[in-house]
$ cat my_file_4.cif   # mmCIF, C-alpha atoms and all ligand atoms
data_work
#
loop_
_atom_site.group_PDB
_atom_site.id
_atom_site.type_symbol
_atom_site.label_atom_id
_atom_site.label_comp_id
_atom_site.auth_asym_id
_atom_site.auth_seq_id
_atom_site.Cartn_x
_atom_site.Cartn_y
_atom_site.Cartn_z
ATOM 1 C CA MET A 1 97.773 85.657 104.136
ATOM 2 C CA ALA A 2 100.959 87.689 103.471
ATOM 3 C CA ALA A 3 102.266 86.692 106.909
ATOM 4 C CA VAL A 4 101.459 83.022 106.279
ATOM 5 C CA MET A 5 103.359 83.212 102.983
ATOM 6 C CA ARG A 6 106.408 84.705 104.746
ATOM 7 C CA ALA A 7 106.161 82.098 107.488
ATOM 8 C CA SER A 8 105.678 79.143 105.165
ATOM 9 C CA HIS A 9 108.893 79.931 103.283
ATOM 10 C CA LEU A 10 110.797 78.649 106.327
ATOM 11 C CA LEU A 11 108.603 75.539 106.426
ATOM 12 C CA VAL A 12 108.393 74.355 102.831
ATOM 13 C CA ASP A 13 111.320 75.824 100.874
ATOM 14 C CA ASP A 14 114.961 74.801 100.871
ATOM 15 C CA PRO A 15 117.534 76.912 102.694
ATOM 16 C CA PRO A 16 118.881 79.528 102.457
ATOM 17 C CA PRO A 17 115.777 81.727 102.855
ATOM 18 C CA ILE A 18 115.203 84.670 100.492
ATOM 19 C CA PHE A 19 113.853 86.478 103.525
ATOM 20 C CA ARG A 20 113.633 85.380 107.142
ATOM 21 C CA ASP A 21 110.573 86.204 109.264
ATOM 22 C CA ASP A 22 110.586 84.210 112.501
ATOM 23 C CA TYR A 23 107.560 86.050 113.914
ATOM 24 C CA ALA A 24 105.041 85.759 111.064
ATOM 25 C CA LEU A 25 103.814 82.279 111.964
ATOM 26 C CA ALA A 26 102.995 83.127 115.576
ATOM 27 C CA LEU A 27 101.267 86.361 114.623
ATOM 28 C CA SER A 28 99.226 84.744 111.851
ATOM 29 C CA GLU A 29 97.591 82.368 114.344
ATOM 30 C CA VAL A 30 97.980 79.538 111.807
ATOM 31 C CA PRO A 31 99.673 76.364 113.110
ATOM 32 C CA ALA A 32 102.771 75.276 111.173
ATOM 33 C CA GLU A 33 101.062 72.114 109.835
ATOM 34 C CA GLU A 34 98.155 74.193 108.526
ATOM 35 C CA ALA A 35 100.456 76.742 106.881
ATOM 36 C CA THR A 36 102.380 73.898 105.246
ATOM 37 C CA ALA A 37 99.175 72.205 104.074
ATOM 38 C CA LEU A 38 97.807 75.493 102.738
ATOM 39 C CA VAL A 39 100.916 76.125 100.654
ATOM 40 C CA ARG A 40 101.149 72.514 99.471
ATOM 41 C CA GLY A 41 97.468 72.699 98.496
ATOM 42 C CA PHE A 42 98.333 75.050 95.639
ATOM 43 C CA GLU A 43 99.887 73.898 92.373
ATOM 44 C CA PRO A 44 103.627 74.302 93.109
ATOM 45 C CA ALA A 45 104.050 77.069 90.493
ATOM 46 C CA ILE A 46 101.078 79.003 91.930
ATOM 47 C CA GLY A 47 102.175 78.634 95.540
ATOM 48 C CA ALA A 48 105.602 79.881 94.458
ATOM 49 C CA VAL A 49 104.031 83.054 93.002
ATOM 50 C CA PHE A 50 102.308 83.852 96.318
ATOM 51 C CA ARG A 51 105.406 83.157 98.419
ATOM 52 C CA ALA A 52 107.875 84.904 96.116
ATOM 53 C CA THR A 53 105.625 87.996 95.987
ATOM 54 C CA ALA A 54 105.407 88.314 99.770
ATOM 55 C CA LEU A 55 109.122 87.595 100.239
ATOM 56 C CA VAL A 56 110.428 89.923 97.546
ATOM 57 C CA ARG A 57 108.420 92.904 98.719
ATOM 58 C CA ALA A 58 109.455 92.349 102.344
ATOM 59 C CA ARG A 59 113.151 91.991 101.513
ATOM 60 C CA PHE A 60 112.996 94.923 99.100
ATOM 61 C CA SER A 61 111.437 97.234 101.684
ATOM 62 C CA ASP A 62 113.968 96.205 104.362
ATOM 63 C CA GLU A 63 116.754 97.092 101.933
ATOM 64 C CA GLN A 64 115.169 100.470 101.205
ATOM 65 C CA VAL A 65 114.841 101.163 104.947
ATOM 66 C CA GLN A 66 118.514 100.271 105.374
ATOM 67 C CA GLU A 67 119.435 102.724 102.592
ATOM 68 C CA ALA A 68 117.244 105.415 104.117
ATOM 69 C CA ALA A 69 118.906 104.856 107.490
ATOM 70 C CA ALA A 70 122.327 105.276 105.880
ATOM 71 C CA ALA A 71 121.085 108.554 104.378
ATOM 72 C CA GLY A 72 120.099 109.774 107.849
ATOM 73 C CA THR A 73 116.326 109.112 107.796
ATOM 74 C CA ARG A 74 114.931 108.291 111.221
ATOM 75 C CA GLN A 75 111.179 108.063 110.616
ATOM 76 C CA TYR A 76 109.508 104.999 109.068
ATOM 77 C CA VAL A 77 105.773 104.859 108.352
ATOM 78 C CA ILE A 78 104.308 101.499 107.344
ATOM 79 C CA LEU A 79 100.983 102.132 105.609
ATOM 80 C CA GLY A 80 98.670 99.102 105.684
ATOM 81 C CA ALA A 81 101.119 97.328 107.989
ATOM 82 C CA GLY A 82 98.995 94.204 108.466
ATOM 83 C CA LEU A 83 101.061 91.637 110.337
ATOM 84 C CA ASP A 84 104.336 93.344 109.413
ATOM 85 C CA THR A 85 107.048 92.304 111.860
ATOM 86 C CA PHE A 86 109.806 94.825 111.088
ATOM 87 C CA ALA A 87 109.799 96.309 114.609
ATOM 88 C CA TRP A 88 110.445 92.878 116.181
ATOM 89 C CA ARG A 89 112.445 91.219 113.407
ATOM 90 C CA ARG A 90 114.986 93.968 112.781
ATOM 91 C CA PRO A 91 115.833 95.625 116.101
ATOM 92 C CA ASP A 92 119.244 96.407 114.579
ATOM 93 C CA LEU A 93 117.556 98.777 112.116
ATOM 94 C CA ALA A 94 114.341 99.632 113.936
ATOM 95 C CA THR A 95 115.968 101.101 117.040
ATOM 96 C CA GLY A 96 117.289 104.018 114.949
ATOM 97 C CA PHE A 97 113.754 104.914 113.815
ATOM 98 C CA GLU A 98 110.439 106.133 115.114
ATOM 99 C CA VAL A 99 108.195 103.525 113.462
ATOM 100 C CA PHE A 100 104.502 104.189 112.748
ATOM 101 C CA GLU A 101 102.178 101.363 111.758
ATOM 102 C CA VAL A 102 99.129 102.797 109.985
ATOM 103 C CA ASP A 103 96.339 100.326 109.289
ATOM 104 C CA HIS A 104 92.629 99.752 109.070
ATOM 105 C CA PRO A 105 91.249 99.883 112.642
ATOM 106 C CA GLY A 106 89.892 96.326 112.414
ATOM 107 C CA THR A 107 93.189 94.843 111.201
ATOM 108 C CA GLN A 108 95.156 96.776 113.769
ATOM 109 C CA GLU A 109 92.946 95.650 116.617
ATOM 110 C CA TYR A 110 93.393 92.041 115.486
ATOM 111 C CA LYS A 111 97.165 92.482 115.348
ATOM 112 C CA ARG A 112 97.358 94.090 118.788
ATOM 113 C CA ASN A 113 95.353 91.199 120.228
ATOM 114 C CA ARG A 114 97.691 88.720 118.537
ATOM 115 C CA LEU A 115 100.743 90.566 119.867
ATOM 116 C CA GLN A 116 99.324 90.387 123.357
ATOM 117 C CA ALA A 117 98.500 86.696 122.995
ATOM 118 C CA GLU A 118 102.065 85.972 121.845
ATOM 119 C CA ALA A 119 103.623 88.205 124.542
ATOM 120 C CA MET A 120 105.283 90.275 121.815
ATOM 121 C CA ALA A 121 105.604 93.646 123.511
ATOM 122 C CA ALA A 122 105.648 96.629 121.169
ATOM 123 C CA PRO A 123 108.934 98.551 121.427
ATOM 124 C CA ALA A 124 108.666 102.118 122.765
ATOM 125 C CA ASN A 125 109.552 103.590 119.343
ATOM 126 C CA LEU A 126 106.601 101.828 117.626
ATOM 127 C CA HIS A 127 103.371 103.838 117.297
ATOM 128 C CA PHE A 128 100.018 102.403 116.165
ATOM 129 C CA VAL A 129 97.823 104.675 114.011
ATOM 130 C CA PRO A 130 94.361 103.278 113.093
ATOM 131 C CA ILE A 131 93.095 104.709 109.757
ATOM 132 C CA ASP A 132 90.642 103.680 107.009
ATOM 133 C CA PHE A 133 92.150 104.952 103.727
ATOM 134 C CA ALA A 134 88.835 104.505 101.944
ATOM 135 C CA ALA A 135 87.018 106.927 104.246
ATOM 136 C CA GLN A 136 88.971 110.145 103.515
ATOM 137 C CA PRO A 137 90.873 109.860 106.742
ATOM 138 C CA ASP A 138 92.680 112.603 108.619
ATOM 139 C CA LEU A 139 96.084 110.986 108.162
ATOM 140 C CA VAL A 140 97.857 114.262 108.968
ATOM 141 C CA GLY A 141 96.069 114.661 112.305
ATOM 142 C CA ALA A 142 96.341 110.997 113.272
ATOM 143 C CA LEU A 143 100.063 110.833 112.551
ATOM 144 C CA ALA A 144 100.753 114.122 114.326
ATOM 145 C CA GLU A 145 98.918 112.830 117.382
ATOM 146 C CA ALA A 146 101.140 109.729 117.331
ATOM 147 C CA GLY A 147 104.295 111.880 117.359
ATOM 148 C CA PHE A 148 105.104 111.997 113.643
ATOM 149 C CA GLN A 149 107.198 115.025 112.620
ATOM 150 C CA ALA A 150 106.508 116.298 109.106
ATOM 151 C CA ASP A 151 109.687 118.393 109.055
ATOM 152 C CA ARG A 152 111.908 115.275 109.200
ATOM 153 C CA PRO A 153 112.576 113.016 106.178
ATOM 154 C CA THR A 154 110.439 109.892 106.195
ATOM 155 C CA ILE A 155 110.525 106.524 104.522
ATOM 156 C CA TRP A 156 106.989 105.338 103.771
ATOM 157 C CA SER A 157 106.158 101.783 102.815
ATOM 158 C CA TRP A 158 102.841 100.968 101.187
ATOM 159 C CA LEU A 159 102.892 97.277 100.401
ATOM 160 C CA GLY A 160 99.978 95.092 99.401
ATOM 161 C CA VAL A 161 97.511 97.979 99.707
ATOM 162 C CA MET A 162 97.202 99.974 96.461
ATOM 163 C CA VAL A 163 95.531 97.017 94.784
ATOM 164 C CA TYR A 164 92.505 97.557 97.063
ATOM 165 C CA LEU A 165 92.140 101.272 96.295
ATOM 166 C CA THR A 166 90.805 103.290 93.343
ATOM 167 C CA HIS A 167 93.110 105.622 91.430
ATOM 168 C CA ASP A 168 91.432 108.602 93.116
ATOM 169 C CA GLN A 169 91.966 107.118 96.577
ATOM 170 C CA ILE A 170 95.616 106.391 95.728
ATOM 171 C CA ARG A 171 96.175 109.908 94.308
ATOM 172 C CA SER A 172 94.572 111.560 97.275
ATOM 173 C CA THR A 173 96.709 109.527 99.712
ATOM 174 C CA LEU A 174 99.840 110.348 97.678
ATOM 175 C CA THR A 175 99.022 114.059 97.823
ATOM 176 C CA THR A 176 98.648 113.822 101.594
ATOM 177 C CA LEU A 177 101.969 111.971 101.854
ATOM 178 C CA THR A 178 103.632 114.750 99.843
ATOM 179 C CA GLN A 179 102.359 117.307 102.348
ATOM 180 C CA LEU A 180 103.730 115.189 105.184
ATOM 181 C CA SER A 181 107.102 114.499 103.564
ATOM 182 C CA ALA A 182 110.181 116.623 104.160
ATOM 183 C CA PRO A 183 112.745 116.834 101.305
ATOM 184 C CA GLY A 184 114.636 113.562 100.904
ATOM 185 C CA SER A 185 111.626 111.414 101.861
ATOM 186 C CA VAL A 186 111.126 108.082 100.094
ATOM 187 C CA LEU A 187 108.054 105.995 99.276
ATOM 188 C CA VAL A 188 108.303 102.224 98.692
ATOM 189 C CA ALA A 189 105.217 100.541 97.247
ATOM 190 C CA ASP A 190 104.061 97.575 95.215
ATOM 191 C CA PHE A 191 101.375 97.309 92.558
ATOM 192 C CA LEU A 192 99.527 94.437 90.940
ATOM 193 C CA LEU A 193 100.543 94.174 87.299
ATOM 194 C CA ASP A 194 98.013 94.357 84.504
ATOM 195 C CA ARG A 195 96.958 90.866 83.532
ATOM 196 C CA SER A 196 98.406 91.406 80.064
ATOM 197 C CA LEU A 197 101.867 91.573 81.687
ATOM 198 C CA MET A 198 101.434 88.466 83.839
ATOM 199 C CA ASP A 199 103.067 85.178 82.924
ATOM 200 C CA GLU A 200 101.101 81.935 83.031
ATOM 201 C CA ALA A 201 101.835 81.141 86.675
ATOM 202 C CA ALA A 202 100.917 84.683 87.743
ATOM 203 C CA ARG A 203 97.642 84.561 85.818
ATOM 204 C CA ALA A 204 96.805 81.257 87.496
ATOM 205 C CA ALA A 205 97.634 82.819 90.893
ATOM 206 C CA ASP A 206 95.451 85.815 90.000
ATOM 207 C CA ASP A 207 92.566 83.465 89.174
ATOM 208 C CA ILE A 208 92.769 82.211 92.773
ATOM 209 C CA GLY A 209 93.778 85.403 94.599
ATOM 210 C CA ARG A 210 91.227 87.729 93.001
ATOM 211 C CA PRO A 211 88.019 85.879 93.977
ATOM 212 C CA ALA A 212 89.488 84.964 97.380
ATOM 213 C CA ALA A 213 90.185 88.647 98.121
ATOM 214 C CA ALA A 214 86.690 89.670 97.028
ATOM 215 C CA ASP A 215 84.640 86.839 98.513
ATOM 216 C CA GLU A 216 86.510 85.561 101.578
ATOM 217 C CA GLY A 217 88.579 88.662 102.352
ATOM 218 C CA GLY A 218 85.782 91.138 101.571
ATOM 219 C CA GLU A 219 88.389 93.382 99.897
ATOM 220 C CA PRO A 220 88.232 93.106 96.102
ATOM 221 C CA TYR A 221 91.224 93.962 93.907
ATOM 222 C CA VAL A 222 90.486 97.331 92.358
ATOM 223 C CA SER A 223 93.637 98.625 90.656
ATOM 224 C CA THR A 224 96.225 97.030 88.382
ATOM 225 C CA PHE A 225 98.970 98.864 86.524
ATOM 226 C CA GLU A 226 101.549 98.861 83.815
ATOM 227 C CA PRO A 227 104.768 100.386 85.180
ATOM 228 C CA ASN A 228 104.391 103.623 83.165
ATOM 229 C CA GLN A 229 100.813 104.065 84.448
ATOM 230 C CA ILE A 230 101.827 103.805 88.083
ATOM 231 C CA ARG A 231 104.705 106.223 87.509
ATOM 232 C CA LYS A 232 102.193 108.707 86.030
ATOM 233 C CA LEU A 233 99.831 108.226 88.956
ATOM 234 C CA MET A 234 102.718 108.750 91.389
ATOM 235 C CA ALA A 235 103.656 111.962 89.560
ATOM 236 C CA SER A 236 100.044 113.195 89.682
ATOM 237 C CA GLY A 237 100.200 112.750 93.462
ATOM 238 C CA GLY A 238 103.456 114.733 93.685
ATOM 239 C CA TRP A 239 106.024 111.877 93.460
ATOM 240 C CA SER A 240 107.593 112.425 90.039
ATOM 241 C CA ASP A 241 110.999 110.831 90.734
ATOM 242 C CA CYS A 242 109.731 107.236 90.583
ATOM 243 C CA ARG A 243 111.606 104.078 89.582
ATOM 244 C CA THR A 244 109.840 100.758 89.037
ATOM 245 C CA TRP A 245 111.070 97.155 89.232
ATOM 246 C CA LEU A 246 109.514 94.047 87.735
ATOM 247 C CA PRO A 247 109.788 90.684 89.506
ATOM 248 C CA TYR A 248 112.429 89.338 87.136
ATOM 249 C CA ASP A 249 114.751 92.145 88.282
ATOM 250 C CA PHE A 250 115.069 90.128 91.509
ATOM 251 C CA GLU A 251 116.222 86.913 89.837
ATOM 252 C CA PRO A 252 119.688 87.163 91.451
ATOM 253 C CA TRP A 253 118.048 86.684 94.872
ATOM 254 C CA PHE A 254 116.859 83.263 93.695
ATOM 255 C CA ALA A 255 120.063 82.176 91.965
ATOM 256 C CA GLY A 256 121.133 78.599 92.691
ATOM 257 C CA ARG A 257 117.929 77.606 94.493
ATOM 258 C CA THR A 258 117.155 73.917 94.496
ATOM 259 C CA ASP A 259 113.408 74.219 95.233
ATOM 260 C CA GLY A 260 112.250 75.966 92.058
ATOM 261 C CA LEU A 261 111.168 79.105 93.922
ATOM 262 C CA GLY A 262 111.625 82.098 91.648
ATOM 263 C CA PRO A 263 110.114 85.397 90.560
ATOM 264 C CA SER A 264 106.985 85.621 88.442
ATOM 265 C CA THR A 265 105.408 88.650 86.751
ATOM 266 C CA TYR A 266 102.650 89.284 89.284
ATOM 267 C CA VAL A 267 103.501 92.348 91.346
ATOM 268 C CA GLY A 268 105.822 95.267 90.550
ATOM 269 C CA LEU A 269 107.710 97.428 93.026
ATOM 270 C CA LEU A 270 108.507 101.111 93.048
ATOM 271 C CA VAL A 271 110.595 103.649 94.897
ATOM 272 C CA ALA A 272 109.569 107.295 94.621
ATOM 273 C CA ARG A 273 111.634 110.127 96.087
ATOM 274 C CA LEU A 274 111.169 113.772 96.953
ATOM 275 C CA PRO A 275 114.307 115.697 96.019
ATOM 276 C CA LYS A 276 116.659 116.761 98.782
ATOM 277 C CA GLU A 277 116.816 120.541 99.213
HETATM 278 C C1 LIG A 301 97.757 92.280 101.913
HETATM 279 S S1 LIG A 301 97.852 93.108 103.442
HETATM 280 C C2 LIG A 301 99.509 93.713 103.360
HETATM 281 C C3 LIG A 301 100.169 93.719 104.697
HETATM 282 C C4 LIG A 301 101.643 94.118 104.704
HETATM 283 N N1 LIG A 301 101.824 95.487 104.263
HETATM 284 C C5 LIG A 301 102.469 93.180 103.862
HETATM 285 O O1 LIG A 301 103.063 93.621 102.882
HETATM 286 O O2 LIG A 301 102.521 92.016 104.203
HETATM 287 C C6 LIG A 301 96.852 94.504 103.120
HETATM 288 C C7 LIG A 301 96.800 95.525 104.247
HETATM 289 O O3 LIG A 301 96.107 96.669 103.738
HETATM 290 C C8 LIG A 301 95.227 97.119 104.745
HETATM 291 N N2 LIG A 301 94.111 97.836 104.116
HETATM 292 C C9 LIG A 301 93.309 97.399 103.122
HETATM 293 N N3 LIG A 301 92.348 98.322 102.875
HETATM 294 C C10 LIG A 301 92.561 99.335 103.750
HETATM 295 C C11 LIG A 301 91.902 100.562 104.001
HETATM 296 N N4 LIG A 301 90.829 100.933 103.339
HETATM 297 N N5 LIG A 301 92.386 101.350 104.996
HETATM 298 C C12 LIG A 301 93.486 100.986 105.700
HETATM 299 N N6 LIG A 301 94.168 99.849 105.490
HETATM 300 C C13 LIG A 301 93.689 99.026 104.532
HETATM 301 C C14 LIG A 301 94.756 95.857 105.431
HETATM 302 O O4 LIG A 301 94.247 96.151 106.723
HETATM 303 C C15 LIG A 301 96.040 95.039 105.460
HETATM 304 O O5 LIG A 301 96.791 95.315 106.608
#

$ encode --input "my_file_4.cif" --output "structure tokens"
Amino acid sequence: MAAVMRASHLLVDDPPPIFRDDYALALSEVPAEEATALVRGFEPAIGAVFRATALVRARFSDEQVQEAAAAGTRQYVILGAGLDTFAWRRPDLATGFEVFEVDHPGTQEYKRNRLQAEAMAAPANLHFVPIDFAAQPDLVGALAEAGFQADRPTIWSWLGVMVYLTHDQIRSTLTTLTQLSAPGSVLVADFLLDRSLMDEAARAADDIGRPAAADEGGEPYVSTFEPNQIRKLMASGGWSDCRTWLPYDFEPWFAGRTDGLGPSTYVGLLVARLPKE
């Protein structure tokens, strides 16, 4: 669904794009007409919430990776990668990194089949790591086996995943990430906002997204947060230097748009850092 939202932006919204993903449509296996119909099937304000959420988090994480690259980081781990296309979309940035895509084994198998079907060869610096976060996985062992080096700074992205996990599962993963993170490492993540913080359009999107995730997706939403709660949870997992952003902080990205696409209080973003030595 996230990939279809990224893809549909190029089909239904006015130029210029907030974020350009030319690979998402092919990987999603959804024909362009179907993606367009799906998006147009929502109330415009609700469809905009879904698209803006997927676009903002993708653009935000690319920008954080760019900053990490400038700071000398050369290892990028995408937790819950789904149909993320960074390794194909941004060869300019990706070639400087060892990139690890960590995902549920079922999702990853689906993606690898899609890649094969679309003749999208995985670059040599991309490593697939199948893991189920809900099953107390051996993330340390699996990453090490894939060539990850814990003594080098890492940028981690964890987008569209925390919402499916309990606080204990999140904390335990954060603690593991701390053990795997050299000084100067960075974590980029998003979190579903508490309903009390959502605006009307976001609440309407939540009314659709929540049952769809639970019933059709088989992955119910479990955790929502106020920004101070997620910062506390991050700190309890070892990531105390944490800054949060709310969707309206990204309004400048939407300035001057003629299609009404804009941010909505649905999902927040965070960057947490481990101090440099
Ligand atoms: C909404 S998608 C987000 C994909 C991508 N990160 C993005 O931002 O577009 C959620 C991802 O979380 C992964 N995920 C959900 N529960 C998981 C679990 N228990 N273990 C591993 N991955 C999980 C799914 O496989 C899927 O790739």

$ residues_near_point --input "my_file_4.cif" --point "(93.5, 98.9, 110.3)" --cutoff "8 Å" --atoms "all atoms listed in the file" --output "list in words"
Gly80, Gly82, Val102, Asp103, His104, Pro105, Gly106, Thr107, Gln108, Glu109, Pro130, Ile131 and Asp132 of chain A

$ residues_near_ligand --input "my_file_4.cif" --ligand "ligand LIG 301 (chain A)" --cutoff "9 Å" --atoms "only C-alpha atoms and all ligand atoms" --output "JSON, numbers by chain"
{"A": [1, 2, 3, 5, 6, 54, 55, 57, 58, 78, 79, 80, 81, 82, 83, 84, 85, 102, 103, 104, 105, 106, 107, 108, 130, 131, 132, 133, 134, 135, 137, 157, 158, 159, 160, 161, 162, 163, 164, 165, 190, 219]}

$ resolve_selection --input "my_file_4.cif" --expression "the PyMOL selection byres (((chain A and resi 263) around 10) and not hetatm)" --output "ChimeraX atom specification"
/A:48-53,55-56,202,246-254,260-262,264-267

$ write_last_selection --input "my_file_4.cif" --atoms "C-alpha atoms" --output "compact mmCIF listing (two decimals), in the frame of the given file"
# COMPACT_ATOMS: atom_id res chain seq x y z
CA ALA A 48 105.60 79.88 94.46
CA VAL A 49 104.03 83.05 93.00
CA PHE A 50 102.31 83.85 96.32
CA ARG A 51 105.41 83.16 98.42
CA ALA A 52 107.88 84.90 96.12
CA THR A 53 105.62 88.00 95.99
CA LEU A 55 109.12 87.60 100.24
CA VAL A 56 110.43 89.92 97.55
CA ALA A 202 100.92 84.68 87.74
CA LEU A 246 109.51 94.05 87.74
CA PRO A 247 109.79 90.68 89.51
CA TYR A 248 112.43 89.34 87.14
CA ASP A 249 114.75 92.14 88.28
CA PHE A 250 115.07 90.13 91.51
CA GLU A 251 116.22 86.91 89.84
CA PRO A 252 119.69 87.16 91.45
CA TRP A 253 118.05 86.68 94.87
CA PHE A 254 116.86 83.26 93.70
CA GLY A 260 112.25 75.97 92.06
CA LEU A 261 111.17 79.10 93.92
CA GLY A 262 111.62 82.10 91.65
CA SER A 264 106.98 85.62 88.44
CA THR A 265 105.41 88.65 86.75
CA TYR A 266 102.65 89.28 89.28
CA VAL A 267 103.50 92.35 91.35

$ resolve_selection --input "my_file_4.cif" --expression "the PyMOL selection byres (((chain A and resi 15-32) around 7) and not hetatm)" --output "compact mmCIF listing (two decimals) with C-alpha atoms, in the frame of the given file"
# COMPACT_ATOMS: atom_id res chain seq x y z
CA ALA A 3 102.27 86.69 106.91
CA VAL A 4 101.46 83.02 106.28
CA ARG A 6 106.41 84.70 104.75
CA ALA A 7 106.16 82.10 107.49
CA LEU A 10 110.80 78.65 106.33
CA ASP A 13 111.32 75.82 100.87
CA ASP A 14 114.96 74.80 100.87
CA GLU A 33 101.06 72.11 109.84
CA GLU A 34 98.16 74.19 108.53
CA ALA A 35 100.46 76.74 106.88
CA THR A 36 102.38 73.90 105.25
CA LEU A 55 109.12 87.60 100.24
CA ARG A 59 113.15 91.99 101.51
CA LEU A 83 101.06 91.64 110.34
CA THR A 85 107.05 92.30 111.86
CA ARG A 89 112.44 91.22 113.41
CA ARG A 114 97.69 88.72 118.54
CA LEU A 115 100.74 90.57 119.87
CA GLU A 118 102.06 85.97 121.84
CA TRP A 253 118.05 86.68 94.87

$ atom_distance --input "my_file_4.cif" --atom1 "atom CA of A:Ala146" --atom2 "atom CA of A:Asp92"
22.6 Å

$ atom_distance --input "my_file_4.cif" --atom1 "atom CA of A:Ser223" --atom2 "atom CA of A:Asp194"
8.7 Å

$ closest_residue --input "my_file_4.cif" --among "A:Cys242, A:Ile208, A:Ala150, A:Ile46" --to "A:Thr176" --atoms "only C-alpha atoms"
A:Ala150

$ residues_near_point --input "my_file_4.cif" --point "(117.9, 121.9, 100.7)" --cutoff "10 Å" --atoms "only C-alpha atoms" --output "JSON, numbers by chain"
{"A": [182, 183, 184, 275, 276, 277]}

$ residues_around --input "my_file_4.cif" --residues "A:Arg171" --least-positions-apart "4" --cutoff "8 Å" --atoms "all atoms listed in the file" --output "PyMOL selection string"
chain A and resi 167+175+233-234+236-237

$ resolve_selection --input "my_file_4.cif" --expression "the PyMOL selection byres (((chain A and resi 100) around 6) and not hetatm)" --output "list in words"
Val77, Val99, Glu101, Leu126, His127 and Phe128 of chain A

$ write_last_selection --input "my_file_4.cif" --atoms "C-alpha atoms" --output "PDB file, in the frame of the given file"
ATOM      1  CA  VAL A  77     105.773 104.859 108.352  1.00  0.00           C
ATOM      2  CA  VAL A  99     108.195 103.525 113.462  1.00  0.00           C
ATOM      3  CA  GLU A 101     102.178 101.363 111.758  1.00  0.00           C
ATOM      4  CA  LEU A 126     106.601 101.828 117.626  1.00  0.00           C
ATOM      5  CA  HIS A 127     103.371 103.838 117.297  1.00  0.00           C
ATOM      6  CA  PHE A 128     100.018 102.403 116.165  1.00  0.00           C
TER       7      PHE A 128
END

$ closest_residue --input "my_file_4.cif" --among "A:Glu63, A:Gly47, A:Ser8, A:Ile230" --to "A:Asp206" --atoms "only C-alpha atoms"
A:Gly47

$ closest_residue --input "my_file_4.cif" --among "A:Trp245, A:Phe191, A:Trp239, A:Phe148" --to "A:Thr224" --atoms "all atoms listed in the file"
A:Phe191

$ atom_distance --input "my_file_4.cif" --atom1 "atom CA of A:Gly268" --atom2 "atom CA of A:Phe225"
8.7 Å

$ closest_residue --input "my_file_4.cif" --among "A:Gly256, A:Gly238, A:Gly41, A:Pro220" --to "A:Leu180" --atoms "all atoms listed in the file"
A:Gly238

$ closest_residue --input "my_file_4.cif" --among "A:Ala124, A:Val39, A:Ile155, A:Val129" --to "A:Tyr76" --atoms "only C-alpha atoms"
A:Ile155

$ closest_residue --input "my_file_4.cif" --among "A:Ala45, A:Leu274, A:Leu11, A:Val222" --to "A:Thr166" --atoms "all atoms listed in the file"
A:Val222

$ axis_aligned_box --input "my_file_4.cif" --around "stretch 196-213 of chain A" --padding-each-side "6 Å" --output "lines of an AutoDock Vina configuration file"
center_x = 95.5
center_y = 86.4
center_z = 89.1
size_x = 27.0
size_y = 22.4
size_z = 30.1

$ build_atoms --input "my_file_4.cif" --residues "stretch 169-179 of chain A" --atoms "N, CA and C atoms" --output "compact mmCIF listing (two decimals), in the coordinates of the input"
# COMPACT_ATOMS: atom_id res chain seq x y z
N GLN A 169 91.55 107.32 95.17
CA GLN A 169 91.97 107.12 96.58
C GLN A 169 93.49 107.08 96.69
N ILE A 170 94.14 106.45 95.71
CA ILE A 170 95.62 106.39 95.73
C ILE A 170 96.18 107.80 95.58
N ARG A 171 95.65 108.56 94.57
CA ARG A 171 96.18 109.91 94.31
C ARG A 171 96.00 110.80 95.53
N SER A 172 94.83 110.68 96.13
CA SER A 172 94.57 111.56 97.28
C SER A 172 95.49 111.21 98.46
N THR A 173 95.77 109.90 98.64
CA THR A 173 96.71 109.53 99.71
C THR A 173 98.12 110.02 99.37
N LEU A 174 98.50 109.89 98.09
CA LEU A 174 99.84 110.35 97.68
C LEU A 174 100.01 111.85 97.92
N THR A 175 98.95 112.61 97.62
CA THR A 175 99.02 114.06 97.82
C THR A 175 99.21 114.36 99.30
N THR A 176 98.50 113.62 100.14
CA THR A 176 98.65 113.82 101.59
C THR A 176 100.07 113.47 102.03
N LEU A 177 100.60 112.37 101.48
CA LEU A 177 101.97 111.97 101.85
C LEU A 177 102.97 113.06 101.46
N THR A 178 102.73 113.68 100.29
CA THR A 178 103.63 114.75 99.84
C THR A 178 103.65 115.88 100.88
N GLN A 179 102.44 116.22 101.36
CA GLN A 179 102.36 117.31 102.35
C GLN A 179 103.08 116.95 103.64
